[in-house]
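For reference, the structure is listed below as structure tokens.
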Amino acid sequence: MTQTQLTHINSRNDAVQLAHHIVYDLNRPDYHPDDTFGVETIDNLVNEAFEVCGDDIYQIFHEQCVNYMRKN
């Protein structure tokens with residue numbers, strides 16, 4: 001992984017927190033990790049999450065989106 005000043009995704013838990021932030025705090029329950037978010041920092045963090053979690057990132061985002069939809 002390429003380390004930068006903004007590197008924060010070092011574990012699966014970090015990736016879950018990022019997905020939760022995108023879905024809940026940024027109100028993007030339709031976000032898919034293959035999509036460009038449009039904010040370089042977020043896009044870099046999602047890329048880091050891919051590097052840490054691999055394809056599990058899809059399940060992580062899916063779970064966050066499903067939970068969001070159930071609550072709302």
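Just remember, in the structure tokens the first chain shown is A, the second B, etc., residues are 1-based per chain, and ligands are 1-based in the order shown.
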
Exercise. Fewer than 5 positions away in the same chain doesn't count, so skip those; otherwise give me all residues within 12 Å of Asp25 (chain A), counting only C-alpha atoms, as a PyMOL selection string.
Key: chain A and resi 17-20+64+68

Can you write just those residues out, all heavy atoms, as a PDB file, in the first residue's frame?
```
ATOM      1  N   GLN A  17     -15.726   1.528   9.450  1.00  0.00           N
ATOM      2  CA  GLN A  17     -15.991   2.892   9.906  1.00  0.00           C
ATOM      3  C   GLN A  17     -16.086   3.856   8.732  1.00  0.00           C
ATOM      4  O   GLN A  17     -16.937   4.757   8.733  1.00  0.00           O
ATOM      5  CB  GLN A  17     -14.906   3.342  10.880  1.00  0.00           C
ATOM      6  CG  GLN A  17     -14.980   2.643  12.204  1.00  0.00           C
ATOM      7  CD  GLN A  17     -13.877   3.061  13.157  1.00  0.00           C
ATOM      8  OE1 GLN A  17     -13.117   3.988  12.879  1.00  0.00           O
ATOM      9  NE2 GLN A  17     -13.785   2.378  14.275  1.00  0.00           N
ATOM     10  N   LEU A  18     -15.244   3.684   7.721  1.00  0.00           N
ATOM     11  CA  LEU A  18     -15.323   4.530   6.525  1.00  0.00           C
ATOM     12  C   LEU A  18     -16.655   4.322   5.808  1.00  0.00           C
ATOM     13  O   LEU A  18     -17.326   5.292   5.448  1.00  0.00           O
ATOM     14  CB  LEU A  18     -14.165   4.227   5.571  1.00  0.00           C
ATOM     15  CG  LEU A  18     -14.237   4.927   4.216  1.00  0.00           C
ATOM     16  CD1 LEU A  18     -14.134   6.441   4.382  1.00  0.00           C
ATOM     17  CD2 LEU A  18     -13.161   4.396   3.283  1.00  0.00           C
ATOM     18  N   ALA A  19     -17.038   3.069   5.618  1.00  0.00           N
ATOM     19  CA  ALA A  19     -18.307   2.782   4.945  1.00  0.00           C
ATOM     20  C   ALA A  19     -19.474   3.371   5.728  1.00  0.00           C
ATOM     21  O   ALA A  19     -20.382   3.977   5.142  1.00  0.00           O
ATOM     22  CB  ALA A  19     -18.482   1.274   4.778  1.00  0.00           C
ATOM     23  N   HIS A  20     -19.447   3.236   7.036  1.00  0.00           N
ATOM     24  CA  HIS A  20     -20.503   3.800   7.876  1.00  0.00           C
ATOM     25  C   HIS A  20     -20.552   5.324   7.708  1.00  0.00           C
ATOM     26  O   HIS A  20     -21.637   5.900   7.575  1.00  0.00           O
ATOM     27  CB  HIS A  20     -20.265   3.427   9.344  1.00  0.00           C
ATOM     28  CG  HIS A  20     -21.348   3.898  10.247  1.00  0.00           C
ATOM     29  ND1 HIS A  20     -22.496   3.178  10.460  1.00  0.00           N
ATOM     30  CD2 HIS A  20     -21.481   5.036  10.973  1.00  0.00           C
ATOM     31  CE1 HIS A  20     -23.281   3.841  11.292  1.00  0.00           C
ATOM     32  NE2 HIS A  20     -22.684   4.976  11.617  1.00  0.00           N
ATOM     33  N   GLN A  64     -23.644  -1.966   5.346  1.00  0.00           N
ATOM     34  CA  GLN A  64     -23.944  -0.613   5.825  1.00  0.00           C
ATOM     35  C   GLN A  64     -25.180  -0.054   5.121  1.00  0.00           C
ATOM     36  O   GLN A  64     -26.036   0.560   5.761  1.00  0.00           O
ATOM     37  CB  GLN A  64     -22.747   0.315   5.623  1.00  0.00           C
ATOM     38  CG  GLN A  64     -21.572  -0.010   6.499  1.00  0.00           C
ATOM     39  CD  GLN A  64     -21.879   0.146   7.976  1.00  0.00           C
ATOM     40  OE1 GLN A  64     -22.509   1.110   8.398  1.00  0.00           O
ATOM     41  NE2 GLN A  64     -21.433  -0.806   8.766  1.00  0.00           N
ATOM     42  N   TYR A  68     -28.750   0.844   6.890  1.00  0.00           N
ATOM     43  CA  TYR A  68     -29.263   2.211   6.752  1.00  0.00           C
ATOM     44  C   TYR A  68     -30.716   2.178   6.250  1.00  0.00           C
ATOM     45  O   TYR A  68     -31.568   2.885   6.777  1.00  0.00           O
ATOM     46  CB  TYR A  68     -28.379   2.991   5.787  1.00  0.00           C
ATOM     47  CG  TYR A  68     -28.840   4.407   5.557  1.00  0.00           C
ATOM     48  CD1 TYR A  68     -28.403   5.440   6.377  1.00  0.00           C
ATOM     49  CD2 TYR A  68     -29.715   4.722   4.519  1.00  0.00           C
ATOM     50  CE1 TYR A  68     -28.824   6.742   6.173  1.00  0.00           C
ATOM     51  CE2 TYR A  68     -30.134   6.021   4.304  1.00  0.00           C
ATOM     52  CZ  TYR A  68     -29.690   7.022   5.130  1.00  0.00           C
ATOM     53  OH  TYR A  68     -30.112   8.314   4.934  1.00  0.00           O
TER      54      TYR A  68
END
```

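The protein and nucleic acid residues lying at most 10 Å from region 46-60 of chain A are Met1, Thr2, Gln3, Leu6, Thr7, His8, Ile9, Asn10, Ser11, Arg12, Asn13, Asp14, Ala15, Val16, Gln17, Leu18, Ala19, His20, Ile22, His32, Pro33, Asp34, Asp35, Thr36, Phe37, Glu40, Thr41 and Cys65 of chain A, with only C-alpha atoms considered and sequence neighbours fewer than 5 positions away removed.
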